[in-house]
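**Q** File target-v8.pdb below, PDB, C-alpha atoms, pLDDT in the B column:
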```pdb
MODEL        1
ATOM      1  CA  MET J   1      12.399 -44.946  84.886  1.00 70.00           C
ATOM      2  CA  LYS J   2      11.528 -45.282  81.245  1.00 78.00           C
ATOM      3  CA  SER J   3       9.633 -48.516  81.907  1.00 75.00           C
ATOM      4  CA  GLU J   4       7.245 -46.794  84.305  1.00 77.00           C
ATOM      5  CA  MET J   5       6.742 -43.834  81.949  1.00 78.00           C
ATOM      6  CA  CYS J   6       5.860 -46.216  79.111  1.00 69.00           C
ATOM      7  CA  TYR J   7       3.441 -48.040  81.408  1.00 76.00           C
ATOM      8  CA  LYS J   8       1.699 -44.819  82.456  1.00 77.00           C
ATOM      9  CA  GLN J   9       1.403 -43.783  78.802  1.00 80.00           C
ATOM     10  CA  GLY J  10      -0.231 -47.101  77.895  1.00 82.00           C
ATOM     11  CA  LYS J  11       2.799 -48.327  75.954  1.00 79.00           C
ATOM     12  CA  TYR J  12       2.725 -51.720  77.619  1.00 84.00           C
ATOM     13  CA  ARG J  13       4.838 -53.575  75.068  1.00 89.00           C
ATOM     14  CA  GLU J  14       7.630 -50.976  75.438  1.00 87.00           C
ATOM     15  CA  SER J  15       7.290 -51.110  79.202  1.00 89.00           C
ATOM     16  CA  ALA J  16       7.664 -54.891  79.107  1.00 91.00           C
ATOM     17  CA  ASP J  17      10.782 -54.569  76.957  1.00 91.00           C
ATOM     18  CA  GLU J  18      12.337 -52.165  79.474  1.00 90.00           C
ATOM     19  CA  TRP J  19      11.546 -54.420  82.442  1.00 92.00           C
ATOM     20  CA  ARG J  20      12.869 -57.430  80.539  1.00 93.00           C
ATOM     21  CA  ALA J  21      16.124 -55.545  79.855  1.00 91.00           C
ATOM     22  CA  LEU J  22      16.470 -54.784  83.565  1.00 90.00           C
ATOM     23  CA  LEU J  23      16.029 -58.470  84.388  1.00 92.00           C
ATOM     24  CA  HIS J  24      19.149 -59.252  82.372  1.00 93.00           C
ATOM     25  CA  PHE J  25      20.943 -57.901  85.446  1.00 92.00           C
ATOM     26  CA  ARG J  26      18.932 -59.972  87.913  1.00 88.00           C
ATOM     27  CA  GLU J  27      22.047 -61.177  89.775  1.00 91.00           C
ATOM     28  CA  GLN J  28      22.888 -57.594  90.720  1.00 91.00           C
ATOM     29  CA  LEU J  29      19.374 -56.677  91.879  1.00 90.00           C
ATOM     30  CA  PRO J  30      18.377 -56.855  95.541  1.00 90.00           C
ATOM     31  CA  ALA J  31      15.647 -59.446  96.194  1.00 89.00           C
ATOM     32  CA  ARG J  32      12.822 -56.921  96.586  1.00 90.00           C
ATOM     33  CA  ARG J  33      13.811 -54.993  93.479  1.00 92.00           C
ATOM     34  CA  LEU J  34      13.999 -58.242  91.501  1.00 94.00           C
ATOM     35  CA  SER J  35      10.541 -59.226  92.719  1.00 94.00           C
ATOM     36  CA  TYR J  36       9.163 -55.785  91.819  1.00 95.00           C
ATOM     37  CA  ALA J  37      10.745 -55.754  88.357  1.00 94.00           C
ATOM     38  CA  THR J  38       9.400 -59.239  87.637  1.00 96.00           C
ATOM     39  CA  TYR J  39       5.943 -58.187  88.810  1.00 97.00           C
ATOM     40  CA  GLN J  40       5.991 -55.040  86.653  1.00 95.00           C
ATOM     41  CA  LEU J  41       6.992 -57.133  83.649  1.00 96.00           C
ATOM     42  CA  ALA J  42       4.073 -59.470  84.390  1.00 97.00           C
ATOM     43  CA  LEU J  43       1.634 -56.549  84.573  1.00 95.00           C
ATOM     44  CA  SER J  44       2.889 -55.054  81.326  1.00 95.00           C
ATOM     45  CA  LEU J  45       2.613 -58.399  79.556  1.00 95.00           C
ATOM     46  CA  ALA J  46      -0.860 -59.027  80.996  1.00 94.00           C
ATOM     47  CA  LEU J  47      -2.062 -55.757  79.518  1.00 92.00           C
ATOM     48  CA  THR J  48      -0.935 -56.945  76.084  1.00 93.00           C
ATOM     49  CA  ASP J  49      -2.632 -60.323  76.663  1.00 90.00           C
ATOM     50  CA  ASP J  50       0.751 -62.059  76.430  1.00 93.00           C
ATOM     51  CA  PRO J  51       0.540 -65.547  78.002  1.00 93.00           C
ATOM     52  CA  ALA J  52       4.125 -65.183  79.281  1.00 94.00           C
ATOM     53  CA  CYS J  53       2.684 -62.925  81.985  1.00 95.00           C
ATOM     54  CA  HIS J  54       1.628 -66.001  83.952  1.00 95.00           C
ATOM     55  CA  ASP J  55       5.199 -67.222  84.376  1.00 97.00           C
ATOM     56  CA  TYR J  56       6.348 -63.784  85.490  1.00 97.00           C
ATOM     57  CA  PHE J  57       3.490 -63.379  87.964  1.00 97.00           C
ATOM     58  CA  ARG J  58       4.373 -66.730  89.540  1.00 97.00           C
ATOM     59  CA  GLN J  59       8.056 -65.797  89.644  1.00 97.00           C
ATOM     60  CA  SER J  60       7.330 -62.431  91.260  1.00 97.00           C
ATOM     61  CA  ILE J  61       5.179 -64.085  93.927  1.00 97.00           C
ATOM     62  CA  ASP J  62       7.839 -66.727  94.603  1.00 95.00           C
ATOM     63  CA  LEU J  63      10.538 -64.042  94.843  1.00 95.00           C
ATOM     64  CA  ALA J  64       8.462 -62.026  97.333  1.00 95.00           C
ATOM     65  CA  VAL J  65       7.881 -65.142  99.445  1.00 93.00           C
ATOM     66  CA  VAL J  66      11.606 -66.002  99.422  1.00 92.00           C
ATOM     67  CA  ALA J  67      12.339 -62.406 100.491  1.00 91.00           C
ATOM     68  CA  LYS J  68       9.881 -63.024 103.372  1.00 91.00           C
ATOM     69  CA  ASP J  69       7.745 -60.139 102.156  1.00 92.00           C
ATOM     70  CA  THR J  70       4.311 -61.665 102.692  1.00 92.00           C
ATOM     71  CA  THR J  71       2.413 -58.404 102.260  1.00 93.00           C
ATOM     72  CA  VAL J  72       3.972 -57.814  98.848  1.00 96.00           C
ATOM     73  CA  ALA J  73       3.420 -61.453  97.844  1.00 96.00           C
ATOM     74  CA  ILE J  74      -0.264 -61.104  98.746  1.00 95.00           C
ATOM     75  CA  HIS J  75      -0.512 -57.865  96.768  1.00 96.00           C
ATOM     76  CA  TYR J  76       0.948 -59.635  93.728  1.00 97.00           C
ATOM     77  CA  MET J  77      -1.325 -62.644  94.247  1.00 97.00           C
ATOM     78  CA  ARG J  78      -4.431 -60.469  94.479  1.00 96.00           C
ATOM     79  CA  ASN J  79      -3.624 -58.676  91.254  1.00 95.00           C
ATOM     80  CA  TYR J  80      -2.711 -61.927  89.527  1.00 97.00           C
ATOM     81  CA  ALA J  81      -6.062 -63.391  90.624  1.00 96.00           C
ATOM     82  CA  ASP J  82      -7.762 -60.443  88.910  1.00 95.00           C
ATOM     83  CA  VAL J  83      -5.715 -61.001  85.755  1.00 95.00           C
ATOM     84  CA  LEU J  84      -6.657 -64.680  85.705  1.00 96.00           C
ATOM     85  CA  ALA J  85     -10.346 -63.879  86.096  1.00 95.00           C
ATOM     86  CA  SER J  86     -10.397 -61.112  83.521  1.00 91.00           C
ATOM     87  CA  SER J  87      -8.075 -62.512  80.890  1.00 81.00           C
ATOM     88  CA  SER J  88      -9.346 -63.752  77.553  1.00 79.00           C
ATOM     89  CA  GLN J  89      -8.948 -67.313  78.861  1.00 78.00           C
ATOM     90  CA  ALA J  90     -11.123 -66.633  81.945  1.00 89.00           C
ATOM     91  CA  ARG J  91      -9.255 -68.825  84.418  1.00 95.00           C
ATOM     92  CA  TYR J  92     -11.727 -68.513  87.297  1.00 97.00           C
ATOM     93  CA  VAL J  93     -10.723 -71.665  89.153  1.00 96.00           C
ATOM     94  CA  GLU J  94      -7.058 -70.638  89.268  1.00 96.00           C
ATOM     95  CA  SER J  95      -8.116 -67.182  90.405  1.00 97.00           C
ATOM     96  CA  ASN J  96     -10.092 -68.686  93.278  1.00 97.00           C
ATOM     97  CA  VAL J  97      -7.174 -70.893  94.282  1.00 97.00           C
ATOM     98  CA  LEU J  98      -5.040 -67.761  94.630  1.00 96.00           C
ATOM     99  CA  LEU J  99      -7.716 -65.865  96.564  1.00 96.00           C
ATOM    100  CA  LEU J 100      -8.113 -68.759  99.005  1.00 95.00           C
ATOM    101  CA  GLU J 101      -4.334 -68.992  99.380  1.00 94.00           C
ATOM    102  CA  ILE J 102      -4.271 -65.296 100.308  1.00 95.00           C
ATOM    103  CA  LEU J 103      -6.810 -65.951 103.054  1.00 92.00           C
ATOM    104  CA  ARG J 104      -4.659 -68.823 104.297  1.00 92.00           C
ATOM    105  CA  LEU J 105      -1.434 -66.784 104.280  1.00 90.00           C
ATOM    106  CA  MET J 106      -2.936 -63.761 106.008  1.00 89.00           C
ATOM    107  CA  PRO J 107      -5.941 -64.747 108.145  1.00 87.00           C
ATOM    108  CA  SER J 108      -6.489 -61.118 109.192  1.00 87.00           C
ATOM    109  CA  LEU J 109      -7.827 -60.509 105.674  1.00 87.00           C
ATOM    110  CA  ASN J 110     -10.772 -62.763 106.530  1.00 83.00           C
ATOM    111  CA  GLU J 111     -12.356 -59.644 108.005  1.00 84.00           C
ATOM    112  CA  HIS J 112     -12.436 -57.838 104.644  1.00 84.00           C
ATOM    113  CA  ALA J 113     -15.103 -58.226 101.991  1.00 90.00           C
ATOM    114  CA  ILE J 114     -13.029 -57.693  98.858  1.00 90.00           C
ATOM    115  CA  LEU J 115     -11.565 -61.195  98.602  1.00 93.00           C
ATOM    116  CA  TYR J 116     -14.985 -62.754  99.134  1.00 95.00           C
ATOM    117  CA  ILE J 117     -16.448 -60.566  96.399  1.00 95.00           C
ATOM    118  CA  GLY J 118     -13.735 -61.835  94.030  1.00 95.00           C
ATOM    119  CA  LEU J 119     -14.511 -65.434  94.949  1.00 96.00           C
ATOM    120  CA  ALA J 120     -18.238 -64.848  94.459  1.00 97.00           C
ATOM    121  CA  ALA J 121     -17.718 -63.230  91.061  1.00 96.00           C
ATOM    122  CA  ASN J 122     -15.613 -66.154  89.899  1.00 97.00           C
ATOM    123  CA  TYR J 123     -18.201 -68.661  91.087  1.00 97.00           C
ATOM    124  CA  LEU J 124     -20.927 -66.708  89.280  1.00 96.00           C
ATOM    125  CA  ASN J 125     -18.888 -66.899  86.091  1.00 95.00           C
ATOM    126  CA  LEU J 126     -18.510 -70.645  86.640  1.00 96.00           C
ATOM    127  CA  HIS J 127     -22.315 -70.908  87.089  1.00 97.00           C
ATOM    128  CA  LEU J 128     -21.826 -72.274  90.609  1.00 97.00           C
ATOM    129  CA  TYR J 129     -24.553 -70.185  92.150  1.00 97.00           C
ATOM    130  CA  ASP J 130     -24.647 -71.787  95.604  1.00 97.00           C
ATOM    131  CA  ALA J 131     -20.932 -71.138  96.097  1.00 97.00           C
ATOM    132  CA  ALA J 132     -21.342 -67.594  94.778  1.00 97.00           C
ATOM    133  CA  GLN J 133     -24.175 -66.969  97.208  1.00 97.00           C
ATOM    134  CA  ARG J 134     -22.091 -68.306 100.099  1.00 97.00           C
ATOM    135  CA  TYR J 135     -19.233 -65.910  99.366  1.00 95.00           C
ATOM    136  CA  LEU J 136     -21.548 -62.965  98.740  1.00 95.00           C
ATOM    137  CA  LYS J 137     -23.080 -63.641 102.138  1.00 95.00           C
ATOM    138  CA  LEU J 138     -19.620 -63.691 103.722  1.00 93.00           C
ATOM    139  CA  ALA J 139     -18.744 -60.432 101.950  1.00 93.00           C
ATOM    140  CA  TRP J 140     -21.969 -58.841 103.167  1.00 92.00           C
ATOM    141  CA  GLU J 141     -21.250 -59.941 106.745  1.00 90.00           C
ATOM    142  CA  ARG J 142     -17.770 -58.399 106.544  1.00 86.00           C
ATOM    143  CA  GLU J 143     -19.155 -55.126 105.188  1.00 82.00           C
ATOM    144  CA  ASN J 144     -21.743 -54.976 107.957  1.00 78.00           C
ATOM    145  CA  TYR J 145     -19.042 -55.733 110.532  1.00 64.00           C
ATOM    146  CA  TRP J 146     -16.975 -52.728 109.406  1.00 62.00           C
ATOM    147  CA  ASN J 147     -19.971 -50.443 108.902  1.00 63.00           C
ATOM    148  CA  GLY J 148     -21.296 -51.306 112.356  1.00 62.00           C
ATOM    149  CA  ARG J 149     -18.129 -50.183 114.136  1.00 58.00           C
TER
ENDMDL
END
```
Mind turning this structure into structure tokens?
**A**
Amino acid sequence: MKSEMCYKQGKYRESADEWRALLHFREQLPARRLSYATYQLALSLALTDDPACHDYFRQSIDLAVVAKDTTVAIHYMRNYADVLASSSQARYVESNVLLLEILRLMPSLNEHAILYIGLAANYLNLHLYDAAQRYLKLAWERENYWNGR
């Protein structure tokens, strides 16, 4: 697809335009394809620092949940949490809310360090050092659990 080629070439604005054009036919798209197209539009917009990306990320997550595709919803949530934390507005609290929601939706991820590292980084950026230390400790415990197997 042209949208994906533009994305891979770093032409994020053009990629967003292509995804937006596809969404004009949203009624004809299967639920998973609609969720994916909305997510890709959100990513393209995020890379141009367009604040509209937030609405599209939320829509893509909602669409994945409605399609009962929890794994995809969590994937979208994880990437959106990164966007929130790394955007020019530095929305660390919202990022942490998403990361904690991921842990609630899929408890099996409690065994993996990566979400705890994200939480710790956000707390460091918020200058909440005790919370950051708590999540770094949890991340370390998870890493040692997997390395000890």
**Q** Would you compute the distance between CA of Tyr7 (chain J) and CA of Gln28 (chain J)? Give it in Å to one decimal.
**A**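 Result for CA of Tyr7 (chain J) versus CA of Gln28 (chain J): 23.6 Å, one decimal.
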**Q** What does the distance from CA of Tyr92 (chain J) to CA of Gln9 (chain J) come to in Å, to one decimal?
**A** 29.3 Å
**Q** Find the distance between CA of Arg134 (chain J) and CA of Glu94 (chain J) and write it in Å to one decimal.
**A**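 For CA of Arg134 (chain J) relative to CA of Glu94 (chain J), the distance reads 18.7 Å.
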**Q** Between J:Gln133, J:Gln40, J:Ser108, J:Ser87, which residue has the minimum interatomic distance to Leu22 (chain J), considering only C-alpha atoms?
**A** J:Gln40
**Q** Spell out the residues picked by the PyMOL selection byres ((chain J and resi 54) around 10) here, as a PyMOL selection string.
**A** chain J and resi 42-43+45-46+50-53+55-60+80+83-84
**Q** For Pro30 (chain J), work out the shell of residues within 12 Å, counting only C-alpha atoms and skipping chain neighbours fewer than 5 positions away, then give it as a ChimeraX atom specification.
**A** /J:23,25,35-37,63-64,67
**Q** As a check of understanding, name the residues that the PyMOL selection byres ((chain J and resi 16) around 8) selects in the supplied structure, as number ranges by chain.
**A** J: 3, 12-15, 17-20, 40-42, 44-45
**Q** If you apply the PyMOL selection byres ((chain J and resi 120-123) around 6) to this file, what residues do you get, as a ChimeraX atom specification?
**A** /J:92,117-119,124-126,128,132,135-136
**Q** Ranking J:Thr70, J:Asn79, J:Lys2, J:His127 by minimum distance to Val93 (chain J) and counting all atoms listed in the file, which one comes first?
**A** J:His127
**Q** Pick the closest to Asp82 (chain J) from J:Trp140, J:Ala131, J:Ala21, J:Ser95: which is it, counting only C-alpha atoms?
**A**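 With only C-alpha atoms as the atom set, the closest residue is J:Ser95.
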**Q** Just checking: using all atoms listed in the file, which residue out of J:His24, J:Leu47, J:Ala31, J:His75 ends up closest to Lys11 (chain J)?
**A**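 Closest to Lys11 (chain J), using all atoms listed in the file: J:Leu47.
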**Q** If you count all atoms listed in the file, which residues fall within 12 Å of Arg32 (chain J), apart from same-chain ones fewer than 6 positions away, as a list in words?
**A**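 Returned residues: Arg26, Thr38, Tyr39, Ser60, Ile61, Asp62, Leu63, Ala64, Val65, Val66, Ala67, Lys68, Asp69, Thr70, Thr71, Val72 and Ala73 of chain J.
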**Q** What would region 58-71 of chain J look like with N, CA and C atoms in place, written as a PDB file, in the frame of the given file?
**A**
```pdb
ATOM      1  N   ARG J  58       3.987 -65.679  88.590  1.00 97.00           N
ATOM      2  CA  ARG J  58       4.373 -66.730  89.540  1.00 97.00           C
ATOM      3  C   ARG J  58       5.782 -66.490  90.076  1.00 97.00           C
ATOM      4  N   GLN J  59       6.692 -66.085  89.199  1.00 97.00           N
ATOM      5  CA  GLN J  59       8.056 -65.797  89.644  1.00 97.00           C
ATOM      6  C   GLN J  59       8.076 -64.643  90.643  1.00 97.00           C
ATOM      7  N   SER J  60       7.327 -63.587  90.362  1.00 97.00           N
ATOM      8  CA  SER J  60       7.330 -62.431  91.260  1.00 97.00           C
ATOM      9  C   SER J  60       6.786 -62.804  92.635  1.00 97.00           C
ATOM     10  N   ILE J  61       5.753 -63.626  92.659  1.00 97.00           N
ATOM     11  CA  ILE J  61       5.179 -64.085  93.927  1.00 97.00           C
ATOM     12  C   ILE J  61       6.201 -64.940  94.676  1.00 97.00           C
ATOM     13  N   ASP J  62       6.823 -65.877  93.971  1.00 95.00           N
ATOM     14  CA  ASP J  62       7.839 -66.727  94.603  1.00 95.00           C
ATOM     15  C   ASP J  62       8.995 -65.898  95.156  1.00 95.00           C
ATOM     16  N   LEU J  63       9.436 -64.898  94.399  1.00 95.00           N
ATOM     17  CA  LEU J  63      10.538 -64.042  94.843  1.00 95.00           C
ATOM     18  C   LEU J  63      10.151 -63.248  96.089  1.00 95.00           C
ATOM     19  N   ALA J  64       8.925 -62.765  96.150  1.00 95.00           N
ATOM     20  CA  ALA J  64       8.462 -62.026  97.333  1.00 95.00           C
ATOM     21  C   ALA J  64       8.393 -62.950  98.544  1.00 95.00           C
ATOM     22  N   VAL J  65       7.956 -64.181  98.339  1.00 93.00           N
ATOM     23  CA  VAL J  65       7.881 -65.142  99.445  1.00 93.00           C
ATOM     24  C   VAL J  65       9.285 -65.467  99.953  1.00 93.00           C
ATOM     25  N   VAL J  66      10.216 -65.707  99.035  1.00 92.00           N
ATOM     26  CA  VAL J  66      11.606 -66.002  99.422  1.00 92.00           C
ATOM     27  C   VAL J  66      12.210 -64.829 100.190  1.00 92.00           C
ATOM     28  N   ALA J  67      11.849 -63.601  99.806  1.00 91.00           N
ATOM     29  CA  ALA J  67      12.339 -62.406 100.491  1.00 91.00           C
ATOM     30  C   ALA J  67      11.598 -62.178 101.816  1.00 91.00           C
ATOM     31  N   LYS J  68      10.693 -63.101 102.153  1.00 91.00           N
ATOM     32  CA  LYS J  68       9.881 -63.024 103.372  1.00 91.00           C
ATOM     33  C   LYS J  68       9.051 -61.740 103.425  1.00 91.00           C
ATOM     34  N   ASP J  69       8.567 -61.341 102.281  1.00 92.00           N
ATOM     35  CA  ASP J  69       7.745 -60.139 102.156  1.00 92.00           C
ATOM     36  C   ASP J  69       6.312 -60.566 101.840  1.00 92.00           C
ATOM     37  N   THR J  70       5.643 -61.087 102.859  1.00 92.00           N
ATOM     38  CA  THR J  70       4.311 -61.665 102.692  1.00 92.00           C
ATOM     39  C   THR J  70       3.299 -60.645 102.182  1.00 92.00           C
ATOM     40  N   THR J  71       3.365 -59.427 102.679  1.00 93.00           N
ATOM     41  CA  THR J  71       2.413 -58.404 102.260  1.00 93.00           C
ATOM     42  C   THR J  71       2.530 -58.132 100.768  1.00 93.00           C
TER      43      THR J  71
END
```
